[in-house]
Each structure stands twice: as C-alpha cells, then as structure tokens.
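Undergrad: Sharing start.txt (compact mmCIF, C-alpha atoms) below.
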# COMPACT_ATOMS: atom_id res chain seq x y z
CA GLN M 266 6.57 19.74 2.39
CA TRP M 267 5.48 16.15 2.69
CA GLN M 268 5.42 13.82 -0.27
CA LEU M 269 4.74 10.14 -0.91
CA VAL M 270 5.96 8.82 -4.24
CA GLU M 271 5.03 5.37 -5.48
CA SER M 272 7.12 3.47 -8.02
CA GLY M 273 7.43 0.00 -9.47
CA GLY M 274 4.15 -0.29 -11.30
CA GLY M 275 3.87 -1.55 -14.84
CA LEU M 276 2.50 -4.23 -17.12
CA VAL M 277 2.93 -7.86 -16.12
CA GLN M 278 1.46 -11.16 -17.24
CA SER M 279 -0.88 -13.13 -15.04
CA GLY M 280 1.15 -15.15 -12.53
CA GLY M 281 3.97 -12.66 -12.53
CA SER M 282 5.34 -10.46 -9.77
CA LEU M 283 5.91 -6.79 -9.11
CA ARG M 284 7.39 -4.90 -6.20
CA LEU M 285 5.99 -1.48 -5.45
CA SER M 286 7.87 1.06 -3.39
CA CYS M 287 6.71 4.18 -1.61
CA ALA M 288 9.31 6.81 -0.78
CA VAL M 289 8.31 9.35 1.85
CA SER M 290 9.77 12.79 2.35
CA GLY M 291 8.84 15.74 4.53
CA PHE M 292 8.08 13.70 7.63
CA SER M 293 9.38 10.62 9.38
CA LEU M 294 7.44 7.40 8.97
CA ASP M 295 8.28 6.32 12.50
CA GLY M 296 4.99 7.34 14.04
CA TYR M 297 2.64 6.41 11.24
CA ALA M 298 0.71 3.43 10.08
CA ILE M 299 1.06 2.84 6.35
CA GLY M 300 -1.40 1.41 3.90
CA TRP M 301 -1.47 0.38 0.27
CA PHE M 302 -4.73 0.99 -1.52
CA ARG M 303 -6.02 -0.02 -4.92
CA GLN M 304 -8.41 1.76 -7.22
CA ALA M 305 -9.78 -0.72 -9.73
CA PRO M 306 -10.73 0.56 -13.20
CA ALA M 307 -14.33 -0.64 -13.02
CA PRO M 308 -16.83 2.24 -12.72
CA GLY M 309 -18.23 2.72 -9.25
CA LYS M 310 -15.54 0.72 -7.51
CA ASP M 311 -14.31 2.26 -4.26
CA ARG M 312 -10.67 2.58 -3.41
CA GLU M 313 -9.82 -0.56 -1.47
CA ARG M 314 -7.26 -0.97 1.29
CA ILE M 315 -5.33 -4.08 0.34
CA ALA M 316 -2.52 -4.06 2.89
CA CYS M 317 -1.34 -2.07 5.87
CA ILE M 318 1.42 -2.18 8.44
CA SER M 319 1.79 -0.67 11.89
CA LYS M 320 4.61 1.70 12.75
CA ASN M 321 6.67 -1.03 14.46
CA SER M 322 5.79 -3.66 11.83
CA ARG M 323 4.21 -5.93 14.44
CA ASN M 324 0.76 -5.63 12.94
CA THR M 325 -0.07 -6.22 9.31
CA ASN M 326 -3.43 -6.65 7.69
CA TYR M 327 -4.43 -7.79 4.21
CA ALA M 328 -7.58 -7.82 2.16
CA ASP M 329 -8.85 -11.33 1.57
CA SER M 330 -8.28 -10.90 -2.15
CA VAL M 331 -4.51 -10.60 -1.72
CA LYS M 332 -3.77 -12.74 1.34
CA GLY M 333 -0.94 -15.17 0.72
CA ARG M 334 0.14 -13.35 -2.44
CA PHE M 335 1.10 -9.84 -1.30
CA ALA M 336 3.48 -8.81 1.46
CA ILE M 337 3.93 -5.34 2.91
CA SER M 338 7.14 -4.22 4.58
CA ARG M 339 8.67 -0.99 5.78
CA ASP M 340 12.08 0.46 6.49
CA ASN M 341 11.70 3.35 8.89
CA ALA M 342 15.38 4.23 8.59
CA LYS M 343 15.01 4.70 4.84
CA ASN M 344 11.49 6.15 5.10
CA THR M 345 10.19 3.64 2.58
CA VAL M 346 7.40 1.10 2.37
CA ASP M 347 7.27 -1.77 -0.11
CA LEU M 348 4.56 -4.05 -1.41
CA GLN M 349 5.70 -7.35 -2.89
CA MET M 350 3.01 -8.70 -5.19
CA ASN M 351 3.23 -12.30 -6.37
CA SER M 352 0.95 -14.56 -8.39
CA LEU M 353 -0.70 -11.52 -9.91
CA LYS M 354 -4.13 -11.85 -11.46
CA PRO M 355 -5.96 -9.66 -13.98
CA GLU M 356 -8.26 -8.51 -11.19
CA ASP M 357 -5.25 -6.97 -9.44
CA THR M 358 -5.18 -4.34 -12.18
CA GLY M 359 -5.60 -0.81 -10.89
CA ILE M 360 -3.89 2.26 -9.57
CA TYR M 361 -2.00 1.57 -6.36
CA TYR M 362 -1.60 4.26 -3.74
CA CYS M 363 0.40 4.38 -0.57
CA ALA M 364 -0.86 6.39 2.37
CA ALA M 365 0.18 7.25 5.91
CA GLY M 366 -1.82 8.10 9.00
CA GLN M 367 -1.59 8.36 12.75
CA GLU M 368 -1.74 4.88 14.19
CA LEU M 369 -4.64 4.00 16.45
CA PHE M 370 -4.50 1.23 19.08
CA GLY M 371 -1.53 -0.40 17.37
CA ARG M 372 -3.86 -1.49 14.57
CA CYS M 373 -3.11 -0.27 11.07
CA GLU M 374 -6.51 -1.40 9.77
CA VAL M 375 -8.36 1.12 11.96
CA SER M 376 -5.90 3.96 11.47
CA PRO M 377 -7.24 6.74 9.26
CA MET M 378 -4.92 7.73 6.42
CA ARG M 379 -4.00 11.38 6.12
CA TYR M 380 -1.18 11.59 3.56
CA TRP M 381 -1.55 10.11 0.10
CA GLY M 382 0.68 9.54 -2.88
CA GLN M 383 -0.29 10.09 -6.51
CA GLY M 384 -0.45 6.40 -7.36
CA THR M 385 1.24 3.99 -9.73
CA GLN M 386 -0.52 1.95 -12.41
CA VAL M 387 -0.42 -1.84 -12.29
CA THR M 388 -1.81 -3.76 -15.24
CA VAL M 389 -2.00 -7.55 -15.24
CA SER M 390 -2.70 -9.17 -18.59
CA SER M 391 -4.36 -12.55 -18.90
Any chance you could give the structure as structure tokens?

TA:
Amino acid sequence: QWQLVESGGGLVQSGGSLRLSCAVSGFSLDGYAIGWFRQAPAPGKDRERIACISKNSRNTNYADSVKGRFAISRDNAKNTVDLQMNSLKPEDTGIYYCAAGQELFGRCEVSPMRYWGQGTQVTVSS
C-alpha cells in the first residue's frame, strides 16, 4: 500500500530555516512528478502548490512567494523528496503536504497529483 510521510516541520523564528522530508513507500518515485503544497491557516485559503520537481529533476517550479528561499530536491534511489526552507516568514506558516503524480510533458507544474501525504505543521513566529 502506498504511503507518503512528511517530517521535519515545527516551530521556528522568522528568518530561520527548516528542512522538510517526504518518505515514499509502496511505489517507486522514478516515474512521478513531486510537489510540495501548503495549506495556510486563514479561512478560505486554498491549498497552494509552492514547489515541484520533475521525475529526472531537470524541471523545478516555485511559487513566487517562495522563490529564492525554498529549494526542492529528490533522491529517487532513496524514494525521498526534500524541501529546504530558508529565510522563513510568518506567512509561511501552514500545513505542508507532499504529493506525487504522473508527470505530463516533462513539466511538474502541469502534472496532476494523485498521491498525498498527511502533512506536517510549520509555524513561523515573528
């Protein structure tokens, strides 16, 4: 049975860093695009894709709000995906989810996600 498990969340001060990891079991990541998504605590906010990476790591895509601060990486041999988050801001607070989906056209940003983890909480204090 497939499973995606996020870890590495926690409480950090503004300007600090965290590294999130997503461990995948039940299927091989080789053929899948991977995305990290964020659900902000504000009512009515949609889950936002903040970063994604293609199956061969040649294509990455970031939301404008995290460009230059976050970096996504993957290790297909270990079946893991990481998200390095630097210069964190209070508005980065939320539940972070990793997800996997069949890659389309070599572009992770247009690949629909099919498998989802349960999420990990990130809280950035001011």

Undergrad: Suppose you want the space between atom CA of Gly280 of chain M and atom CA of Arg303 of chain M; what is it in Å?

TA: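 Taking atom CA of Gly280 of chain M as the start and atom CA of Arg303 of chain M as the end point, the length is 18.4 Å.
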
Undergrad: Tell me, as a short mmCIF file (atom, residue, chain, number, x, y, z; two decimals) with C-alpha atoms, in the coordinates of the input, which residues lie within 8 Å of Arg314 of chain M, counting all atoms listed in the file; anything in the same chain fewer than 6 positions away does not count.

TA:
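Just written: out-v7.cif:
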data_model
loop_
_atom_site.label_atom_id
_atom_site.label_comp_id
_atom_site.auth_asym_id
_atom_site.auth_seq_id
_atom_site.Cartn_x
_atom_site.Cartn_y
_atom_site.Cartn_z
CA GLY M 300 -1.40 1.41 3.90
CA TRP M 301 -1.47 0.38 0.27
CA PHE M 302 -4.73 0.99 -1.52
CA ARG M 303 -6.02 -0.02 -4.92
CA TYR M 327 -4.43 -7.79 4.21
CA ALA M 328 -7.58 -7.82 2.16
#

Undergrad: From the list M:Ala288, M:Val387, M:Leu353, M:Ala305, which residue is nearest Phe335 of chain M when using all atoms listed in the file?

TA: M:Leu353

Undergrad: Give me, as a list in words, all polymer residues having an atom no more than 7 Å from Val277 of chain M, counting all atoms listed in the file and skipping those fewer than 4 positions away in the same chain.

TA: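 Listing them by chain and then by number gives Gly281, Thr388, Val389 and Ser390 of chain M.
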
Undergrad: Point out the residue among M:Ser391, M:Ser319, M:Ser293, M:Thr325 with the least atom-to-atom distance to Glu368 of chain M, counting all atoms listed in the file.

TA: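 Ranking M:Ser391, M:Ser319, M:Ser293, M:Thr325 by distance to Glu368 of chain M, first place goes to M:Ser319.
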
Undergrad: I'd like the interatomic distance between atom CA of Arg379 of chain M and atom CA of Leu285 of chain M, to a tenth of an Å.

TA: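 We find that atom CA of Arg379 of chain M and atom CA of Leu285 of chain M lie 20.0 Å from each other.
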
Undergrad: Out of M:Ser330, M:Gln268, M:Gln386, M:Ser279, which residue has the shortest atom-to-atom distance to Ala364 of chain M when counting only C-alpha atoms?

TA: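 Of the candidates, the smallest distance to Ala364 of chain M is held by M:Gln268.
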
Undergrad: With only C-alpha atoms as the basis for distance, which of M:Cys373, M:Ala365, M:Leu294, M:Ile360 is at the shortest distance from Pro306 of chain M?

TA: M:Ile360
